[in-house]
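S.K.: This is the structure, below, for whatever I ask next.
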Amino acid sequence: MRRFLPSLSALQAFEAAARHQSFTKAGEELGMTQSGISRQIQNLETFLGIRLFERIGSRLTLTGLGNKYFLEITQNLNRLEEVSMDAVRGRTADASLMIGAAPTLETRWLLPRLGSFLSEHPDIPVEITTLGAEPDFRNDGIDIAIMRGFGTWPDARAKPLFDEELVVVASPKIVPPGSPQEPLDFARYPILQNASRPSLWLIWLRVSKLNYSGRIQGVRLSTSELLIQAAVNGIGLAVVPPQFVKREIERGELHTPFGPPVRSGEGYWVVQSERESQHENAAAFRNWLLREAVRERNACTARPPA
């Protein structure tokens, strides 16, 4: 028996028009004229025997039935798109190993190393996503999170990757290399602050035990990546993990005029949900991360002091 289904082009026209509340904008999105969208909507309304839109003055609005139909159709079109893309990929989207981390850790630590994992496990599809403050394993589909903290998260297991260290970096443009810099005079240099970690300077001052004077105030930036770029451009001094600025220090774009890195008391951890089974792909990635952390620690130990 033939299915009671409208044409896909009519459904696409309706979904776009309902989302934009405009036939004109729907047409621009789908590469059709405004009148073409209107004809598709009319055909759909005739097929269903209901009104989907009404005009109130110059405004286009959905009817009650139209709004309900829009919500249902959107879900089904999204699902149809997803299974079609799965067919093209040859696998389902949820087969990917979903890895989450903070943005600067992703770009500065994880991505430069990721090629070795992909070489070892070419059959494991990997997807990298940026995490907020806390991982949501149930709703975000995260298999493994790389988190900074003290190793305790609700309903999760954590294994240590490496201790967090902090160092103050500066461009040679604003702090001449080799000049004595103690005590640190905050009135003398422009300061960069991490808006997501407003106490970072105080943490560094406490663990470094460096003498200082003046008030800590300056430009606030949302991520360590922005802090690094601002420091390279001579906008100010920044407190960052040394793992994130190896390249800039090697190039001479930044240096560490206020002493070597110091441990903050926190660390970076591999975090997995306790509720989820430890499937093979997640275990492979977790073990690879732990080996990379050990390899980095060994390399730092073997490196002769500067």
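Identifiers in the structure tokens: chain A, B, ... in order shown; residue index from 1 per chain; ligand index from 1 in order shown.
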Write out, as JSON lines, each residue of stretch 151-189 of chain A that has an atom at most 10 Å from stretch 222-235 of chain A, together with the closest pair of atoms and their distance in Å to one decimal, counting only C-alpha atoms, rows going by chain and rising number.
M.R.:
{"residue": "A:Val168", "atom": "CA", "partner": "A:Ala231", "partner_atom": "CA", "distance": 9.9}
{"residue": "A:Val169", "atom": "CA", "partner": "A:Ala231", "partner_atom": "CA", "distance": 7.2}
{"residue": "A:Ala170", "atom": "CA", "partner": "A:Ala231", "partner_atom": "CA", "distance": 5.9}
{"residue": "A:Ser171", "atom": "CA", "partner": "A:Gly234", "partner_atom": "CA", "distance": 5.4}
{"residue": "A:Pro172", "atom": "CA", "partner": "A:Gly234", "partner_atom": "CA", "distance": 7.9}
{"residue": "A:Lys173", "atom": "CA", "partner": "A:Gly234", "partner_atom": "CA", "distance": 5.9}
{"residue": "A:Ile174", "atom": "CA", "partner": "A:Gly234", "partner_atom": "CA", "distance": 6.2}
{"residue": "A:Val175", "atom": "CA", "partner": "A:Gly234", "partner_atom": "CA", "distance": 9.1}
{"residue": "A:Tyr189", "atom": "CA", "partner": "A:Ile235", "partner_atom": "CA", "distance": 9.5}
S.K.: As JSON, numbers by chain, please: every residue in stretch 60-211 of chain A that a backbone DSSP assignment puts in helix (DSSP H, G or I).
M.R.: {"A": [64, 65, 66, 67, 68, 69, 70, 71, 72, 73, 74, 75, 76, 77, 78, 79, 80, 81, 82, 83, 84, 85, 86, 87, 88, 89, 93, 94, 95, 103, 104, 105, 106, 107, 108, 109, 110, 111, 112, 113, 114, 115, 116, 117, 118, 119, 120, 137, 138, 139, 140, 200, 201, 202, 203, 204, 205, 206, 207, 208]}
S.K.: Could you name the residues that touch A:Glu45 at 12 Å or less, counting only C-alpha atoms, but leaving out those on the same chain fewer than 3 positions away, as number ranges by chain?
M.R.: A: 6-7, 10-11, 13-14, 38-42, 48-54, 63, 65-66, 69
S.K.: Neighbours of A:Glu106 within 12 Å (only C-alpha atoms; same-chain residues fewer than 3 positions away dropped), as a ChimeraX atom specification?
M.R.: /A:99-103,109-114,127-131,145-147,223-225,243-244
S.K.: Store the residues picked out above, limited to N, CA and C atoms, as a PDB file, in the first residue's frame.
M.R.:
ATOM      1  N   ILE A  99      35.899  12.653  22.171  1.00  0.00           N
ATOM      2  CA  ILE A  99      36.884  13.134  23.134  1.00  0.00           C
ATOM      3  C   ILE A  99      36.606  14.597  23.418  1.00  0.00           C
ATOM      4  N   GLY A 100      36.583  14.967  24.688  1.00  0.00           N
ATOM      5  CA  GLY A 100      36.332  16.351  25.057  1.00  0.00           C
ATOM      6  C   GLY A 100      37.461  16.923  25.890  1.00  0.00           C
ATOM      7  N   ALA A 101      37.778  18.192  25.660  1.00  0.00           N
ATOM      8  CA  ALA A 101      38.821  18.875  26.427  1.00  0.00           C
ATOM      9  C   ALA A 101      38.615  20.374  26.309  1.00  0.00           C
ATOM     10  N   ALA A 102      39.326  21.116  27.147  1.00  0.00           N
ATOM     11  CA  ALA A 102      39.303  22.574  27.048  1.00  0.00           C
ATOM     12  C   ALA A 102      39.983  23.005  25.753  1.00  0.00           C
ATOM     13  N   PRO A 103      39.595  24.155  25.172  1.00  0.00           N
ATOM     14  CA  PRO A 103      40.063  24.509  23.827  1.00  0.00           C
ATOM     15  C   PRO A 103      41.572  24.632  23.686  1.00  0.00           C
ATOM     16  N   TRP A 109      48.127  20.808  23.153  1.00  0.00           N
ATOM     17  CA  TRP A 109      48.698  19.560  23.676  1.00  0.00           C
ATOM     18  C   TRP A 109      48.163  18.335  22.954  1.00  0.00           C
ATOM     19  N   LEU A 110      46.849  18.245  22.778  1.00  0.00           N
ATOM     20  CA  LEU A 110      46.272  17.025  22.212  1.00  0.00           C
ATOM     21  C   LEU A 110      46.502  16.890  20.716  1.00  0.00           C
ATOM     22  N   LEU A 111      46.151  17.908  19.942  1.00  0.00           N
ATOM     23  CA  LEU A 111      46.226  17.782  18.487  1.00  0.00           C
ATOM     24  C   LEU A 111      47.637  17.519  17.962  1.00  0.00           C
ATOM     25  N   PRO A 112      48.702  18.141  18.520  1.00  0.00           N
ATOM     26  CA  PRO A 112      50.035  17.808  18.019  1.00  0.00           C
ATOM     27  C   PRO A 112      50.424  16.353  18.223  1.00  0.00           C
ATOM     28  N   ARG A 113      49.760  15.643  19.129  1.00  0.00           N
ATOM     29  CA  ARG A 113      50.088  14.247  19.416  1.00  0.00           C
ATOM     30  C   ARG A 113      49.108  13.258  18.782  1.00  0.00           C
ATOM     31  N   LEU A 114      47.958  13.766  18.332  1.00  0.00           N
ATOM     32  CA  LEU A 114      46.872  12.888  17.911  1.00  0.00           C
ATOM     33  C   LEU A 114      47.253  11.996  16.742  1.00  0.00           C
ATOM     34  N   GLU A 127      36.280  11.848  17.219  1.00  0.00           N
ATOM     35  CA  GLU A 127      35.687  13.179  17.122  1.00  0.00           C
ATOM     36  C   GLU A 127      36.115  13.977  18.356  1.00  0.00           C
ATOM     37  N   ILE A 128      36.644  15.179  18.121  1.00  0.00           N
ATOM     38  CA  ILE A 128      37.112  16.047  19.202  1.00  0.00           C
ATOM     39  C   ILE A 128      36.093  17.162  19.409  1.00  0.00           C
ATOM     40  N   THR A 129      35.686  17.369  20.647  1.00  0.00           N
ATOM     41  CA  THR A 129      34.747  18.434  20.956  1.00  0.00           C
ATOM     42  C   THR A 129      35.283  19.261  22.115  1.00  0.00           C
ATOM     43  N   THR A 130      34.873  20.510  22.183  1.00  0.00           N
ATOM     44  CA  THR A 130      35.326  21.407  23.245  1.00  0.00           C
ATOM     45  C   THR A 130      34.388  21.326  24.436  1.00  0.00           C
ATOM     46  N   LEU A 131      34.959  21.156  25.612  1.00  0.00           N
ATOM     47  CA  LEU A 131      34.184  21.024  26.831  1.00  0.00           C
ATOM     48  C   LEU A 131      33.979  22.366  27.508  1.00  0.00           C
ATOM     49  N   ALA A 145      37.037  12.493  28.711  1.00  0.00           N
ATOM     50  CA  ALA A 145      37.294  13.927  28.885  1.00  0.00           C
ATOM     51  C   ALA A 145      38.685  14.105  29.480  1.00  0.00           C
ATOM     52  N   ILE A 146      39.367  15.144  29.024  1.00  0.00           N
ATOM     53  CA  ILE A 146      40.646  15.523  29.635  1.00  0.00           C
ATOM     54  C   ILE A 146      40.368  16.776  30.442  1.00  0.00           C
ATOM     55  N   MET A 147      40.453  16.637  31.763  1.00  0.00           N
ATOM     56  CA  MET A 147      39.998  17.691  32.656  1.00  0.00           C
ATOM     57  C   MET A 147      41.126  18.165  33.561  1.00  0.00           C
ATOM     58  N   THR A 223      40.478  32.744  27.183  1.00  0.00           N
ATOM     59  CA  THR A 223      41.161  31.448  27.100  1.00  0.00           C
ATOM     60  C   THR A 223      42.670  31.629  27.177  1.00  0.00           C
ATOM     61  N   SER A 224      43.357  30.531  27.487  1.00  0.00           N
ATOM     62  CA  SER A 224      44.819  30.565  27.500  1.00  0.00           C
ATOM     63  C   SER A 224      45.380  30.841  26.110  1.00  0.00           C
ATOM     64  N   GLU A 225      44.688  30.376  25.078  1.00  0.00           N
ATOM     65  CA  GLU A 225      45.145  30.625  23.708  1.00  0.00           C
ATOM     66  C   GLU A 225      45.194  32.126  23.427  1.00  0.00           C
ATOM     67  N   GLN A 243      53.559  23.822  29.019  1.00  0.00           N
ATOM     68  CA  GLN A 243      53.335  22.919  27.877  1.00  0.00           C
ATOM     69  C   GLN A 243      52.699  23.636  26.696  1.00  0.00           C
ATOM     70  N   PHE A 244      52.003  24.729  26.981  1.00  0.00           N
ATOM     71  CA  PHE A 244      51.275  25.423  25.923  1.00  0.00           C
ATOM     72  C   PHE A 244      52.141  26.403  25.138  1.00  0.00           C
TER      73      PHE A 244
END
S.K.: Could you pull the residues within 9 Å of A:Glu165, counting only C-alpha atoms, minus those fewer than 5 positions along the same chain, as a list in words?
M.R.: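 Listing them by chain and then by number gives Val240, Pro241, Pro242, Gln243, Pro261, Val262, Arg263, Ser264, Gly265, Glu266 and Gly267 of chain A.
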S.K.: Apply DSSP to the structure's backbone, then extract all residues of stretch 105-253 of chain A labelled strand (DSSP E or B) and return them as a PyMOL selection string.
M.R.: chain A and resi 126-130+144-149+156-170+184-185+191-194+212-213+218-221+237-240
S.K.: Atoms to include: C-alpha atoms. Write the selected residues as a PDB file, in the first residue's frame.
M.R.:
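Writing the result to again_3.pdb gives the following:
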ATOM      1  CA  VAL A 126      37.674  10.014  16.526  1.00  0.00           C
ATOM      2  CA  GLU A 127      35.687  13.179  17.122  1.00  0.00           C
ATOM      3  CA  ILE A 128      37.112  16.047  19.202  1.00  0.00           C
ATOM      4  CA  THR A 129      34.747  18.434  20.956  1.00  0.00           C
ATOM      5  CA  THR A 130      35.326  21.407  23.245  1.00  0.00           C
ATOM      6  CA  ILE A 144      36.685  10.470  27.437  1.00  0.00           C
ATOM      7  CA  ALA A 145      37.294  13.927  28.885  1.00  0.00           C
ATOM      8  CA  ILE A 146      40.646  15.523  29.635  1.00  0.00           C
ATOM      9  CA  MET A 147      39.998  17.691  32.656  1.00  0.00           C
ATOM     10  CA  ARG A 148      41.945  20.016  34.912  1.00  0.00           C
ATOM     11  CA  GLY A 149      41.288  19.699  38.624  1.00  0.00           C
ATOM     12  CA  ALA A 156      33.397   9.423  37.136  1.00  0.00           C
ATOM     13  CA  ARG A 157      36.757   7.695  37.247  1.00  0.00           C
ATOM     14  CA  ALA A 158      39.894   9.766  36.783  1.00  0.00           C
ATOM     15  CA  LYS A 159      43.497   8.808  36.067  1.00  0.00           C
ATOM     16  CA  PRO A 160      46.270  11.427  36.337  1.00  0.00           C
ATOM     17  CA  LEU A 161      47.944  12.633  33.137  1.00  0.00           C
ATOM     18  CA  PHE A 162      50.353  15.291  34.407  1.00  0.00           C
ATOM     19  CA  ASP A 163      50.613  17.949  37.091  1.00  0.00           C
ATOM     20  CA  GLU A 164      49.633  21.439  36.099  1.00  0.00           C
ATOM     21  CA  GLU A 165      52.544  23.846  36.102  1.00  0.00           C
ATOM     22  CA  LEU A 166      52.364  27.601  35.715  1.00  0.00           C
ATOM     23  CA  VAL A 167      54.892  30.095  34.434  1.00  0.00           C
ATOM     24  CA  VAL A 168      54.849  33.803  33.647  1.00  0.00           C
ATOM     25  CA  VAL A 169      55.721  34.488  30.023  1.00  0.00           C
ATOM     26  CA  ALA A 170      56.630  37.783  28.403  1.00  0.00           C
ATOM     27  CA  LEU A 184      57.837  41.829  40.352  1.00  0.00           C
ATOM     28  CA  ASP A 185      56.430  45.331  40.055  1.00  0.00           C
ATOM     29  CA  ILE A 191      49.221  42.449  32.831  1.00  0.00           C
ATOM     30  CA  LEU A 192      46.987  39.922  31.083  1.00  0.00           C
ATOM     31  CA  GLN A 193      44.320  38.101  33.081  1.00  0.00           C
ATOM     32  CA  ASN A 194      42.486  34.831  32.388  1.00  0.00           C
ATOM     33  CA  TYR A 212      55.968  41.605  44.309  1.00  0.00           C
ATOM     34  CA  SER A 213      54.446  45.037  44.589  1.00  0.00           C
ATOM     35  CA  GLY A 218      44.875  44.467  33.137  1.00  0.00           C
ATOM     36  CA  VAL A 219      43.186  43.108  30.044  1.00  0.00           C
ATOM     37  CA  ARG A 220      40.968  40.069  30.665  1.00  0.00           C
ATOM     38  CA  LEU A 221      40.882  37.319  28.023  1.00  0.00           C
ATOM     39  CA  LEU A 237      52.570  39.365  30.889  1.00  0.00           C
ATOM     40  CA  ALA A 238      50.578  36.143  31.105  1.00  0.00           C
ATOM     41  CA  VAL A 239      50.421  33.143  33.436  1.00  0.00           C
ATOM     42  CA  VAL A 240      50.074  29.922  31.422  1.00  0.00           C
TER      43      VAL A 240
END
S.K.: Rounded to one decimal place, report the atom CA of A:Met98-atom CA of A:His121 distance in Å.
M.R.: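 Atom CA of A:His121 lies 14.7 Å from atom CA of A:Met98.
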